[in-house]
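Peer 1: Mind looking over this structure? Questions follow.
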Amino acid sequence: MSMATSATLTTLLLKEAGLRNTAVRGVAPLDPAHARFTGPAFTVRYLPLREDLLPAQSLSNPNATMHQLLDRIRPGDVLVMDGRGHDDNGLIGDIIAARLHAIGVAGVVMDGRVRDGAEISGLGLAVQCRGVSPPPSFVNLMIADVQLPIACGGVTVQPGDQVVADADGVAVVPAHLWARLGPQAVEQDRVERYIRLRVAAGEKLAGLYPPNAASTAAYHAWVARGEPPDRLT
């Protein structure tokens, strides 16, 4: 299935399921060339640092939660990180990013920042975040747990929810709605592409948007012809 857009999905989630809070706030692509990705959410939650608990989370500890995360996440997953909206540290740097890229994750979404932004972009790892910041996460945060419900950018994310990211932002689709709304969103995007082509050719909106019966019939005929951009009716 082609990838649906975040804009169309948030509209369908509102119209079809009554869900208003599905767009992650405050994030943008670290590298616009790698803005688009989708996959099931693998969640991680940070808590404010408590110094006596930090040694157990050091990467020198083979049982640290970050190592558990990297052992459990799978190719095609989207790592979604609850970074508590902090802008004064980076949740991951180039080494963790390199491991995630080698595993084959689809992308990373965090309501926090990254370190080593140029190096991460150079890897080709797709990241949607709040920006970059040099200090490490453990100046004031520590990992608490993985694969539990989290909040990311003001949105509740359950493990396995479908995450869809593109240049507009990030939409979170509840897992039980994805099979129905994913294909519906792809079709809606195709309809709107057809409408844009006709509007660009000089047609008025009336009867096109929303499409009336005649426009709908013309659309289906256009799809049957292979969606030619120069033969719209």
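How things are named: the first chain in the structure tokens is A, the next is B, and so on; residues count from 1 in each chain; ligands count from 1 in the order shown.
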Sorted by chain and rising residue number, list the residues of range 14-38 of chain A at most 12 Å from range 69-84 of chain A (counting only C-alpha atoms), each with its closest atom pair and distance in Å to one decimal, as a tab-separated table.

Peer 2:
residue	atom	partner	partner_atom	distance
A:Val24	CA	A:Val80	CA	10.6
A:Gly26	CA	A:Arg84	CA	11.7
A:Val27	CA	A:Met81	CA	11.8
A:Arg36	CA	A:Val78	CA	11.6
A:Phe37	CA	A:Val78	CA	8.4
A:Thr38	CA	A:Val78	CA	7.0

Peer 1: Among the residues of range 78-201 of chain A, find those DSSP assigns to strand (DSSP E) from the backbone and print them as an NGL selection string.

Peer 2: :A and (78-82 or 107-110 or 127-129 or 141-146 or 150-152 or 155-157 or 162-166 or 169-173)

Peer 1: Write the selection just made, keeping N, CA, C and O atoms, as a short mmCIF file (atom, residue, chain, number, x, y, z; two decimals), in the first residue's frame?

Peer 2:
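Output (selection-v3.cif):
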data_model
loop_
_atom_site.label_atom_id
_atom_site.label_comp_id
_atom_site.auth_asym_id
_atom_site.auth_seq_id
_atom_site.Cartn_x
_atom_site.Cartn_y
_atom_site.Cartn_z
N VAL A 78 8.94 2.07 14.27
CA VAL A 78 9.23 3.48 14.50
C VAL A 78 9.48 3.67 15.98
O VAL A 78 8.60 3.39 16.81
N LEU A 79 10.66 4.12 16.35
CA LEU A 79 10.98 4.39 17.75
C LEU A 79 10.34 5.72 18.13
O LEU A 79 10.66 6.77 17.55
N VAL A 80 9.43 5.69 19.09
CA VAL A 80 8.74 6.90 19.56
C VAL A 80 9.19 7.15 20.99
O VAL A 80 8.98 6.31 21.88
N MET A 81 9.78 8.31 21.23
CA MET A 81 10.43 8.61 22.50
C MET A 81 9.71 9.75 23.22
O MET A 81 9.54 10.84 22.66
N ASP A 82 9.30 9.46 24.45
CA ASP A 82 8.73 10.48 25.32
C ASP A 82 9.88 11.17 26.04
O ASP A 82 10.36 10.70 27.07
N GLY A 107 12.05 4.80 11.32
CA GLY A 107 12.30 6.18 11.69
C GLY A 107 12.22 6.35 13.19
O GLY A 107 11.95 5.40 13.94
N VAL A 108 12.46 7.58 13.63
CA VAL A 108 12.43 7.94 15.04
C VAL A 108 11.60 9.21 15.20
O VAL A 108 11.75 10.16 14.42
N VAL A 109 10.73 9.21 16.22
CA VAL A 109 9.94 10.40 16.57
C VAL A 109 10.19 10.67 18.04
O VAL A 109 10.10 9.76 18.87
N MET A 110 10.50 11.93 18.38
CA MET A 110 10.73 12.26 19.79
C MET A 110 10.29 13.69 20.08
O MET A 110 10.46 14.58 19.24
N VAL A 127 14.41 11.05 11.17
CA VAL A 127 14.10 11.50 12.53
C VAL A 127 13.19 12.71 12.47
O VAL A 127 13.43 13.65 11.71
N GLN A 128 12.14 12.68 13.26
CA GLN A 128 11.30 13.85 13.49
C GLN A 128 11.47 14.22 14.97
O GLN A 128 11.20 13.40 15.85
N CYS A 129 11.92 15.47 15.22
CA CYS A 129 12.27 15.85 16.58
C CYS A 129 12.10 17.36 16.75
O CYS A 129 11.65 18.05 15.85
N LEU A 141 17.81 13.60 32.44
CA LEU A 141 16.81 12.57 32.15
C LEU A 141 17.42 11.18 32.28
O LEU A 141 18.63 11.01 32.19
N MET A 142 16.55 10.19 32.44
CA MET A 142 16.97 8.79 32.40
C MET A 142 15.84 7.97 31.80
O MET A 142 14.66 8.31 31.93
N ILE A 143 16.19 6.88 31.12
CA ILE A 143 15.18 6.00 30.55
C ILE A 143 14.47 5.25 31.66
O ILE A 143 15.11 4.71 32.58
N ALA A 144 13.15 5.21 31.59
CA ALA A 144 12.36 4.52 32.60
C ALA A 144 11.90 3.15 32.13
O ALA A 144 12.01 2.17 32.85
N ASP A 145 11.35 3.06 30.90
CA ASP A 145 10.79 1.79 30.45
C ASP A 145 10.55 1.85 28.94
O ASP A 145 10.65 2.91 28.32
N VAL A 146 10.25 0.68 28.37
CA VAL A 146 9.95 0.58 26.94
C VAL A 146 8.67 -0.23 26.75
O VAL A 146 8.26 -1.00 27.62
N ILE A 150 2.86 5.92 26.20
CA ILE A 150 3.61 7.14 26.48
C ILE A 150 2.84 8.34 25.95
O ILE A 150 1.84 8.20 25.23
N ALA A 151 3.33 9.53 26.29
CA ALA A 151 2.89 10.76 25.66
C ALA A 151 4.04 11.31 24.86
O ALA A 151 5.17 11.42 25.36
N CYS A 152 3.81 11.66 23.60
CA CYS A 152 4.84 12.25 22.75
C CYS A 152 4.23 13.45 22.04
O CYS A 152 3.27 13.29 21.27
N VAL A 155 0.46 13.70 22.48
CA VAL A 155 -0.38 12.64 21.93
C VAL A 155 -0.08 11.34 22.67
O VAL A 155 1.08 10.99 22.87
N THR A 156 -1.13 10.63 23.06
CA THR A 156 -0.95 9.31 23.64
C THR A 156 -0.58 8.31 22.55
O THR A 156 -1.25 8.24 21.52
N VAL A 157 0.49 7.56 22.79
CA VAL A 157 0.96 6.56 21.82
C VAL A 157 1.03 5.22 22.51
O VAL A 157 1.73 5.07 23.53
N GLN A 162 0.11 2.86 14.58
CA GLN A 162 0.80 3.18 13.34
C GLN A 162 1.22 4.64 13.35
O GLN A 162 0.40 5.54 13.58
N VAL A 163 2.48 4.87 13.08
CA VAL A 163 3.03 6.22 13.04
C VAL A 163 3.29 6.58 11.58
O VAL A 163 3.92 5.80 10.85
N VAL A 164 2.80 7.74 11.15
CA VAL A 164 2.98 8.19 9.77
C VAL A 164 3.59 9.58 9.81
O VAL A 164 3.00 10.51 10.36
N ALA A 165 4.78 9.71 9.24
CA ALA A 165 5.51 10.97 9.27
C ALA A 165 5.80 11.44 7.85
O ALA A 165 6.09 10.65 6.96
N ASP A 166 5.71 12.75 7.65
CA ASP A 166 6.08 13.35 6.38
C ASP A 166 6.45 14.80 6.63
O ASP A 166 6.65 15.20 7.79
N GLY A 169 4.42 16.72 9.29
CA GLY A 169 4.49 16.35 10.70
C GLY A 169 4.28 14.86 10.89
O GLY A 169 4.56 14.06 9.99
N VAL A 170 3.74 14.51 12.05
CA VAL A 170 3.59 13.10 12.44
C VAL A 170 2.17 12.85 12.93
O VAL A 170 1.68 13.55 13.83
N ALA A 171 1.52 11.84 12.35
CA ALA A 171 0.19 11.41 12.79
C ALA A 171 0.32 10.04 13.44
O ALA A 171 1.12 9.20 13.01
N VAL A 172 -0.49 9.83 14.49
CA VAL A 172 -0.52 8.55 15.19
C VAL A 172 -1.90 7.94 15.02
O VAL A 172 -2.91 8.55 15.40
N VAL A 173 -1.96 6.75 14.42
CA VAL A 173 -3.22 6.08 14.14
C VAL A 173 -3.35 4.88 15.07
O VAL A 173 -2.49 4.00 15.06
#

Peer 1: Would you pick out the contacts of Ser58 in chain A at 12 Å or less, using only C-alpha atoms, so that residues sharing its chain but fewer than 3 positions from it are not included, and give the list as a short mmCIF file (atom, residue, chain, number, x, y, z; two decimals) with all heavy atoms, in the first residue's frame?

Peer 2:
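Saved result, part-v1.cif, follows:
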data_model
loop_
_atom_site.label_atom_id
_atom_site.label_comp_id
_atom_site.auth_asym_id
_atom_site.auth_seq_id
_atom_site.Cartn_x
_atom_site.Cartn_y
_atom_site.Cartn_z
N GLU A 51 19.79 10.75 40.54
CA GLU A 51 21.20 10.39 40.42
C GLU A 51 21.53 9.00 40.94
O GLU A 51 22.40 8.32 40.39
CB GLU A 51 22.06 11.45 41.12
CG GLU A 51 22.20 12.77 40.38
CD GLU A 51 20.99 13.68 40.53
OE1 GLU A 51 20.03 13.29 41.25
OE2 GLU A 51 20.99 14.77 39.94
N ASP A 52 20.82 8.55 41.98
CA ASP A 52 21.16 7.23 42.51
C ASP A 52 20.72 6.10 41.59
O ASP A 52 21.20 4.96 41.71
CB ASP A 52 20.54 7.04 43.91
CG ASP A 52 19.02 7.10 43.88
OD1 ASP A 52 18.48 8.00 43.22
OD2 ASP A 52 18.37 6.25 44.53
N LEU A 53 19.81 6.40 40.63
CA LEU A 53 19.34 5.38 39.70
C LEU A 53 20.09 5.40 38.37
O LEU A 53 19.96 4.47 37.56
CB LEU A 53 17.84 5.56 39.44
CG LEU A 53 16.93 5.42 40.66
CD1 LEU A 53 15.48 5.70 40.25
CD2 LEU A 53 17.07 4.05 41.30
N LEU A 54 20.86 6.45 38.14
CA LEU A 54 21.50 6.61 36.84
C LEU A 54 22.53 5.51 36.52
O LEU A 54 22.58 5.05 35.38
CB LEU A 54 22.17 7.98 36.73
CG LEU A 54 22.79 8.32 35.37
CD1 LEU A 54 21.72 8.27 34.27
CD2 LEU A 54 23.46 9.68 35.41
N PRO A 55 23.35 5.06 37.48
CA PRO A 55 24.34 4.03 37.12
C PRO A 55 23.73 2.79 36.47
O PRO A 55 24.35 2.19 35.58
CB PRO A 55 25.00 3.69 38.46
CG PRO A 55 24.87 4.95 39.25
CD PRO A 55 23.54 5.51 38.88
N ASN A 61 26.50 -0.66 31.57
CA ASN A 61 25.74 -1.75 32.18
C ASN A 61 25.04 -2.54 31.07
O ASN A 61 24.17 -2.01 30.39
CB ASN A 61 24.71 -1.19 33.16
CG ASN A 61 23.80 -2.26 33.75
OD1 ASN A 61 24.04 -3.46 33.58
ND2 ASN A 61 22.74 -1.82 34.42
N PRO A 62 25.39 -3.81 30.87
CA PRO A 62 24.80 -4.57 29.76
C PRO A 62 23.29 -4.79 29.91
O PRO A 62 22.63 -5.13 28.93
CB PRO A 62 25.55 -5.90 29.79
CG PRO A 62 26.09 -6.01 31.17
CD PRO A 62 26.38 -4.61 31.61
N ASN A 63 22.76 -4.56 31.10
CA ASN A 63 21.32 -4.72 31.32
C ASN A 63 20.57 -3.40 31.30
O ASN A 63 19.38 -3.36 31.63
CB ASN A 63 21.07 -5.43 32.66
CG ASN A 63 21.62 -6.84 32.69
OD1 ASN A 63 21.44 -7.59 31.74
ND2 ASN A 63 22.32 -7.20 33.76
N ALA A 64 21.24 -2.32 30.92
CA ALA A 64 20.59 -1.01 30.87
C ALA A 64 19.40 -1.05 29.90
O ALA A 64 19.40 -1.81 28.92
CB ALA A 64 21.58 0.06 30.42
N THR A 65 18.40 -0.22 30.18
CA THR A 65 17.18 -0.23 29.37
C THR A 65 17.46 0.10 27.91
O THR A 65 16.80 -0.43 27.01
CB THR A 65 16.15 0.75 29.96
OG1 THR A 65 15.96 0.45 31.34
CG2 THR A 65 14.82 0.63 29.24
N MET A 66 18.44 0.96 27.63
CA MET A 66 18.76 1.26 26.23
C MET A 66 19.23 0.01 25.50
O MET A 66 18.86 -0.22 24.34
CB MET A 66 19.81 2.36 26.15
CG MET A 66 20.24 2.70 24.72
SD MET A 66 18.87 3.23 23.63
CE MET A 66 18.63 4.92 24.20
N HIS A 67 20.03 -0.82 26.16
CA HIS A 67 20.45 -2.06 25.52
C HIS A 67 19.26 -2.99 25.29
O HIS A 67 19.17 -3.66 24.25
CB HIS A 67 21.51 -2.77 26.37
CG HIS A 67 22.83 -2.06 26.41
ND1 HIS A 67 23.51 -1.69 25.27
CD2 HIS A 67 23.59 -1.65 27.47
CE1 HIS A 67 24.64 -1.09 25.60
NE2 HIS A 67 24.71 -1.06 26.94
N PRO A 136 24.23 15.57 26.59
CA PRO A 136 23.62 14.25 26.58
C PRO A 136 22.34 14.22 27.40
O PRO A 136 22.11 15.08 28.26
CB PRO A 136 24.70 13.36 27.20
CG PRO A 136 25.45 14.29 28.11
CD PRO A 136 25.47 15.61 27.40
N SER A 137 21.53 13.20 27.17
CA SER A 137 20.25 13.10 27.87
C SER A 137 20.43 13.04 29.37
O SER A 137 19.61 13.58 30.14
CB SER A 137 19.47 11.86 27.39
OG SER A 137 20.22 10.68 27.65
N PHE A 138 21.51 12.38 29.85
CA PHE A 138 21.62 12.13 31.28
C PHE A 138 22.03 13.36 32.09
O PHE A 138 22.29 13.24 33.29
CB PHE A 138 22.56 10.95 31.56
CG PHE A 138 23.93 11.06 30.96
CD1 PHE A 138 24.92 11.83 31.57
CD2 PHE A 138 24.24 10.37 29.81
CE1 PHE A 138 26.18 11.92 31.03
CE2 PHE A 138 25.51 10.44 29.26
CZ PHE A 138 26.49 11.22 29.86
N LEU A 141 17.81 13.60 32.44
CA LEU A 141 16.81 12.57 32.15
C LEU A 141 17.42 11.18 32.28
O LEU A 141 18.63 11.01 32.19
CB LEU A 141 16.24 12.74 30.73
CG LEU A 141 15.41 13.98 30.42
CD1 LEU A 141 15.05 13.99 28.95
CD2 LEU A 141 14.17 14.04 31.28
N MET A 142 16.55 10.19 32.44
CA MET A 142 16.97 8.79 32.40
C MET A 142 15.84 7.97 31.80
O MET A 142 14.66 8.31 31.93
CB MET A 142 17.30 8.28 33.81
CG MET A 142 16.14 8.31 34.78
SD MET A 142 16.65 7.78 36.44
CE MET A 142 15.04 7.79 37.27
N ILE A 143 16.19 6.88 31.12
CA ILE A 143 15.18 6.00 30.55
C ILE A 143 14.47 5.25 31.66
O ILE A 143 15.11 4.71 32.58
CB ILE A 143 15.80 5.01 29.56
CG1 ILE A 143 16.32 5.75 28.33
CG2 ILE A 143 14.79 3.96 29.14
CD1 ILE A 143 16.90 4.83 27.28
#

Peer 1: Just asking: which residues within range 26-228 of chain A are alpha helix (DSSP H) according to DSSP, as a VMD selection string?

Peer 2: chain A and resid 65 to 72 94 to 103 117 to 123 175 to 200 213 to 224

Peer 1: Can you list, as a ChimeraX atom specification, every protein, DNA or RNA residue that comes within 12 Å of Asp230 in chain A when you count only C-alpha atoms, leaving out same-chain residues fewer than 4 positions away?

Peer 2: /A:194,197-198,200-201,222,225-226

Peer 1: From the options A:Ile120, A:Gly182, A:Asp111, A:Pro229, which residue's atoms come nearest to Ile96 in chain A, counting only C-alpha atoms?

Peer 2: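 Using only C-alpha atoms, the shortest distance to Ile96 in chain A belongs to A:Ile120.
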
Peer 1: With only C-alpha atoms as the counted atoms, please give the residues lying no more than 10 Å from range 210-218 of chain A, apart from itself and same-chain residues fewer than 3 positions off, as a list in words.

Peer 2: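 Using only C-alpha atoms, the neighbours found are Val191, Glu192, Tyr194, Ile195, Leu205, Ala206, Gly207, Ala221, Trp222, Val223, Ala224, Leu232 and Thr233 of chain A.
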